[in-house]
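Colleague: The file below is entry_24.cif, mmCIF, C-alpha atoms:
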data_run
#
loop_
_atom_site.group_PDB
_atom_site.id
_atom_site.type_symbol
_atom_site.label_atom_id
_atom_site.label_comp_id
_atom_site.auth_asym_id
_atom_site.auth_seq_id
_atom_site.Cartn_x
_atom_site.Cartn_y
_atom_site.Cartn_z
ATOM 1 C CA ASP W 30 8.640 29.438 -8.115
ATOM 2 C CA HIS W 31 5.946 26.835 -7.465
ATOM 3 C CA LEU W 32 3.221 29.339 -6.711
ATOM 4 C CA ARG W 33 4.171 31.559 -9.647
ATOM 5 C CA ALA W 34 4.698 28.736 -12.157
ATOM 6 C CA PHE W 35 1.761 26.534 -11.258
ATOM 7 C CA GLY W 36 -0.632 28.827 -9.396
ATOM 8 C CA ASP W 37 -3.874 28.839 -11.351
ATOM 9 C CA GLY W 38 -2.111 27.684 -14.530
ATOM 10 C CA THR W 39 -2.530 30.895 -16.517
ATOM 11 C CA ILE W 40 1.175 31.851 -16.532
ATOM 12 C CA SER W 41 2.624 28.428 -17.347
ATOM 13 C CA ALA W 42 0.009 27.834 -20.061
ATOM 14 C CA LYS W 43 1.859 30.442 -22.173
ATOM 15 C CA TRP W 44 5.242 28.655 -21.999
ATOM 16 C CA ASP W 45 6.044 26.439 -24.963
ATOM 17 C CA ARG W 46 8.362 24.045 -23.094
ATOM 18 C CA PHE W 47 6.833 23.872 -19.625
ATOM 19 C CA PHE W 48 5.805 20.444 -18.476
ATOM 20 C CA SER W 49 6.146 18.350 -15.356
ATOM 21 C CA LEU W 50 5.194 14.742 -14.760
ATOM 22 C CA ALA W 51 5.372 15.232 -10.994
ATOM 23 C CA SER W 52 1.660 14.550 -10.682
ATOM 24 C CA SER W 53 0.422 13.204 -13.967
ATOM 25 C CA ALA W 54 -1.431 10.332 -15.495
ATOM 26 C CA ALA W 55 -0.604 8.756 -18.840
ATOM 27 C CA LEU W 56 -1.822 5.743 -20.717
ATOM 28 C CA ARG W 57 0.391 2.695 -20.389
ATOM 29 C CA SER W 58 0.320 2.302 -24.164
ATOM 30 C CA ASP W 59 1.714 5.842 -24.550
ATOM 31 C CA LEU W 60 4.527 5.162 -22.089
ATOM 32 C CA LEU W 61 5.421 1.864 -23.761
ATOM 33 C CA GLY W 62 4.988 3.206 -27.293
ATOM 34 C CA VAL W 63 7.185 6.237 -26.675
ATOM 35 C CA PRO W 64 9.376 5.356 -23.691
ATOM 36 C CA PHE W 65 11.450 7.844 -21.743
ATOM 37 C CA ASP W 66 14.947 8.495 -23.050
ATOM 38 C CA GLU W 67 16.952 6.864 -20.284
ATOM 39 C CA SER W 68 20.129 8.640 -21.392
ATOM 40 C CA LEU W 69 18.709 11.935 -20.099
ATOM 41 C CA ARG W 70 19.301 12.570 -16.410
ATOM 42 C CA TYR W 71 17.144 15.713 -16.363
ATOM 43 C CA SER W 72 14.079 16.971 -18.230
ATOM 44 C CA GLU W 73 13.116 13.494 -19.402
ATOM 45 C CA ASP W 74 9.458 14.454 -18.951
ATOM 46 C CA VAL W 75 9.915 17.517 -21.187
ATOM 47 C CA ASP W 76 11.606 15.314 -23.787
ATOM 48 C CA TRP W 77 8.823 12.731 -23.597
ATOM 49 C CA VAL W 78 6.056 15.257 -24.065
ATOM 50 C CA ARG W 79 8.034 16.901 -26.915
ATOM 51 C CA ARG W 80 8.313 13.574 -28.762
ATOM 52 C CA ARG W 81 4.841 12.278 -27.867
ATOM 53 C CA LYS W 82 2.750 15.470 -28.185
ATOM 54 C CA PRO W 83 -0.017 14.230 -25.866
ATOM 55 C CA ARG W 84 -3.048 16.217 -24.924
ATOM 56 C CA VAL W 85 -2.089 17.919 -21.647
ATOM 57 C CA VAL W 86 -4.770 19.097 -19.250
ATOM 58 C CA TYR W 87 -3.811 21.157 -16.207
ATOM 59 C CA VAL W 88 -6.041 20.770 -13.148
ATOM 60 C CA PRO W 89 -5.256 23.634 -10.741
ATOM 61 C CA ASP W 90 -7.289 22.216 -7.865
ATOM 62 C CA ALA W 91 -5.630 18.768 -7.975
ATOM 63 C CA LYS W 92 -4.058 17.873 -4.647
ATOM 64 C CA ALA W 93 -0.409 17.002 -5.160
ATOM 65 C CA GLU W 94 2.878 18.215 -3.780
ATOM 66 C CA HIS W 95 6.264 17.929 -5.426
ATOM 67 C CA SER W 96 9.120 19.945 -4.075
ATOM 68 C CA HIS W 97 12.755 20.695 -4.757
ATOM 69 C CA ASN W 98 13.988 22.771 -1.845
ATOM 70 C CA TYR W 99 17.491 23.130 -3.197
ATOM 71 C CA GLY W 100 20.482 24.723 -1.599
ATOM 72 C CA PHE W 101 22.951 26.418 -3.914
ATOM 73 C CA ALA W 102 24.988 23.247 -4.632
ATOM 74 C CA GLU W 103 21.876 21.254 -5.576
ATOM 75 C CA LEU W 104 20.566 24.170 -7.635
ATOM 76 C CA LYS W 105 23.850 24.322 -9.539
ATOM 77 C CA ARG W 106 23.777 20.567 -10.257
ATOM 78 C CA ARG W 107 20.113 20.600 -11.311
ATOM 79 C CA PHE W 108 20.396 23.487 -13.748
ATOM 80 C CA TYR W 109 23.685 22.220 -15.170
ATOM 81 C CA GLY W 110 21.859 18.958 -15.939
ATOM 82 C CA GLU W 111 18.884 20.787 -17.436
ATOM 83 C CA GLY W 112 21.236 22.776 -19.665
ATOM 84 C CA GLN W 113 22.826 19.534 -20.853
ATOM 85 C CA ALA W 114 19.424 17.952 -21.512
ATOM 86 C CA ASP W 115 18.124 20.984 -23.413
ATOM 87 C CA MET W 116 21.223 21.036 -25.623
ATOM 88 C CA ILE W 117 20.665 17.353 -26.418
ATOM 89 C CA MET W 118 16.939 17.832 -27.076
ATOM 90 C CA PHE W 119 16.856 21.221 -28.777
ATOM 91 C CA GLY W 120 20.439 21.716 -29.982
ATOM 92 C CA ARG W 121 20.902 25.276 -28.833
ATOM 93 C CA ALA W 122 22.339 27.123 -25.879
ATOM 94 C CA PRO W 123 22.096 30.713 -24.699
ATOM 95 C CA GLY W 124 25.212 32.841 -24.749
ATOM 96 C CA VAL W 125 26.742 33.864 -21.440
ATOM 97 C CA PHE W 126 25.464 37.447 -21.787
ATOM 98 C CA ARG W 127 21.937 36.203 -22.430
ATOM 99 C CA ALA W 128 22.269 33.991 -19.339
ATOM 100 C CA LEU W 129 23.324 37.002 -17.239
ATOM 101 C CA ALA W 130 20.523 39.152 -18.654
ATOM 102 C CA GLY W 131 18.071 36.359 -17.890
ATOM 103 C CA ALA W 132 19.270 36.191 -14.291
ATOM 104 C CA LEU W 133 18.696 39.932 -13.904
ATOM 105 C CA ALA W 134 15.263 39.787 -15.526
ATOM 106 C CA GLU W 135 14.190 36.805 -13.423
ATOM 107 C CA THR W 136 15.410 38.489 -10.232
ATOM 108 C CA ALA W 137 13.293 41.544 -11.040
ATOM 109 C CA ARG W 138 10.314 39.294 -11.819
ATOM 110 C CA ASP W 139 10.837 37.406 -8.535
ATOM 111 C CA TRP W 140 10.923 40.632 -6.530
ATOM 112 C CA LEU W 141 7.760 41.921 -8.217
ATOM 113 C CA PHE W 142 6.027 38.623 -7.538
ATOM 114 C CA LEU W 143 7.200 38.386 -3.917
ATOM 115 C CA LEU W 144 6.384 41.929 -2.798
ATOM 116 C CA PRO W 145 2.633 41.299 -2.409
ATOM 117 C CA HIS W 146 3.354 37.926 -0.729
ATOM 118 C CA PRO W 147 4.873 38.668 2.724
ATOM 119 C CA SER W 148 5.448 34.964 3.416
ATOM 120 C CA GLY W 149 8.034 35.005 0.612
ATOM 121 C CA TRP W 150 9.943 38.133 1.683
ATOM 122 C CA LYS W 151 12.749 36.012 3.130
ATOM 123 C CA GLU W 152 13.551 35.054 -0.490
ATOM 124 C CA LEU W 153 14.094 38.670 -1.613
ATOM 125 C CA PRO W 154 17.788 38.945 -0.628
ATOM 126 C CA ILE W 155 18.786 35.548 -2.041
ATOM 127 C CA ALA W 156 16.863 35.810 -5.303
ATOM 128 C CA PRO W 157 19.798 37.366 -7.229
ATOM 129 C CA ALA W 158 22.233 34.617 -6.170
ATOM 130 C CA ARG W 159 19.692 31.875 -6.857
ATOM 131 C CA ARG W 160 18.911 33.174 -10.358
ATOM 132 C CA LEU W 161 22.576 33.744 -11.191
ATOM 133 C CA ILE W 162 23.412 30.171 -10.170
ATOM 134 C CA GLN W 163 20.481 28.814 -12.180
ATOM 135 C CA ARG W 164 21.241 30.711 -15.377
ATOM 136 C CA LEU W 165 25.038 30.303 -15.349
ATOM 137 C CA SER W 166 24.824 26.606 -14.433
ATOM 138 C CA TYR W 167 22.300 26.045 -17.222
ATOM 139 C CA TRP W 168 24.594 27.878 -19.666
ATOM 140 C CA LYS W 169 27.604 25.799 -18.589
ATOM 141 C CA GLY W 170 25.670 22.540 -18.923
ATOM 142 C CA ALA W 171 24.436 23.450 -22.409
ATOM 143 C CA ARG W 172 27.903 24.643 -23.425
ATOM 144 C CA ASP W 173 29.548 21.439 -22.203
ATOM 145 C CA ALA W 174 26.941 19.208 -23.878
ATOM 146 C CA GLY W 175 27.450 21.176 -27.099
ATOM 147 C CA LYS W 176 31.204 20.570 -26.918
ATOM 148 C CA GLU W 177 30.610 16.845 -26.403
ATOM 149 C CA LYS W 178 28.202 16.819 -29.345
ATOM 150 C CA ARG W 179 30.761 18.522 -31.601
ATOM 151 C CA ASN W 180 33.510 16.134 -30.455
ATOM 152 C CA GLY W 181 31.280 13.134 -31.183
ATOM 153 C CA SER W 182 31.165 11.786 -27.630
#
Once more with this new file: its structure as structure tokens, please.

Modeller:
Amino acid sequence: DHLRAFGDGTISAKWDRFFSLASSAALRSDLLGVPFDESLRYSEDVDWVRRRKPRVVYVPDAKAEHSHNYGFAELKRRFYGEGQADMIMFGRAPGVFRALAGALAETARDWLFLLPHPSGWKELPIAPARRLIQRLSYWKGARDAGKEKRNGS
């Protein structure tokens, strides 16, 4: 995911909601003027950049490392939280069939990306499970946050 998403920056530049503060710099006045929403446990950087609309410059040769080497349980928790955060921020959730279709599409994309990269071949057999966990956990998180929103909690 890291190599594909960040790489030289050409793929992620096309995504409308892709942002990571893992290795970023921001003006103190921007951070104080538009502080992070501390009620969000996930995607607080995406929320901040959505509300702030700063000028973002990607530097592909910057030397930084930020990693989430998640097992399935951590992956489930992370994407559940991201689904909740996205429902709070954007007010919409994918349906379960769209989540399943997304898992299939992302598995195919992963396989196509990994084939020319032999160092990643060990990921080929677990890609379907990983993507299914991500998409269904995200859907459940968004669904549950939507229920809470409708119930006023």

Colleague: Identify which of the residues W:Arg160, W:Ser52, W:Trp150, W:Met116 lies closest to Val86 in chain W, counting only C-alpha atoms when measuring atom-to-atom distances.

Modeller: W:Ser52

Colleague: Produce the centre coordinates and the three edge lengths, each in Å to one decimal, of the box along x, y and z that contains all listed atoms of range 118-128 of chain W with 3 Å added on each side, as AutoDock Vina command-line options.

Modeller:
--center_x 21.8 --center_y 27.6 --center_z -24.7 --size_x 15.9 --size_y 25.6 --size_z 16.6

Colleague: So, counting only C-alpha atoms, which residue among W:Trp140, W:Pro83, W:Glu135, W:Gln113 is closest to Glu177 in chain W?

Modeller: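 Of W:Trp140, W:Pro83, W:Glu135, W:Gln113, the one nearest Glu177 in chain W is W:Gln113, counting only C-alpha atoms.
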
Colleague: Would you please work out which residue, of W:Lys92, W:Arg81, W:Arg121, W:Lys105, is nearest to Ala158 in chain W when using only C-alpha atoms?

Modeller: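 Among the listed residues, W:Lys105 lies closest to Ala158 in chain W.
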
Colleague: Between W:Ala102, W:Leu161, W:Ala93, W:Leu153, which is the closest to Leu129 in chain W once you count all atoms listed in the file?

Modeller: W:Leu161

Colleague: Neighbours of Phe101 in chain W within 10 Å (all atoms listed in the file; same-chain residues fewer than 6 positions away dropped), as number ranges by chain?

Modeller: W: 107, 158-159, 162-163

Colleague: One decimal, Å: what's the distance from CA of Arg106 in chain W over to CA of Asn180 in chain W, could you say?

Modeller: 22.9 Å
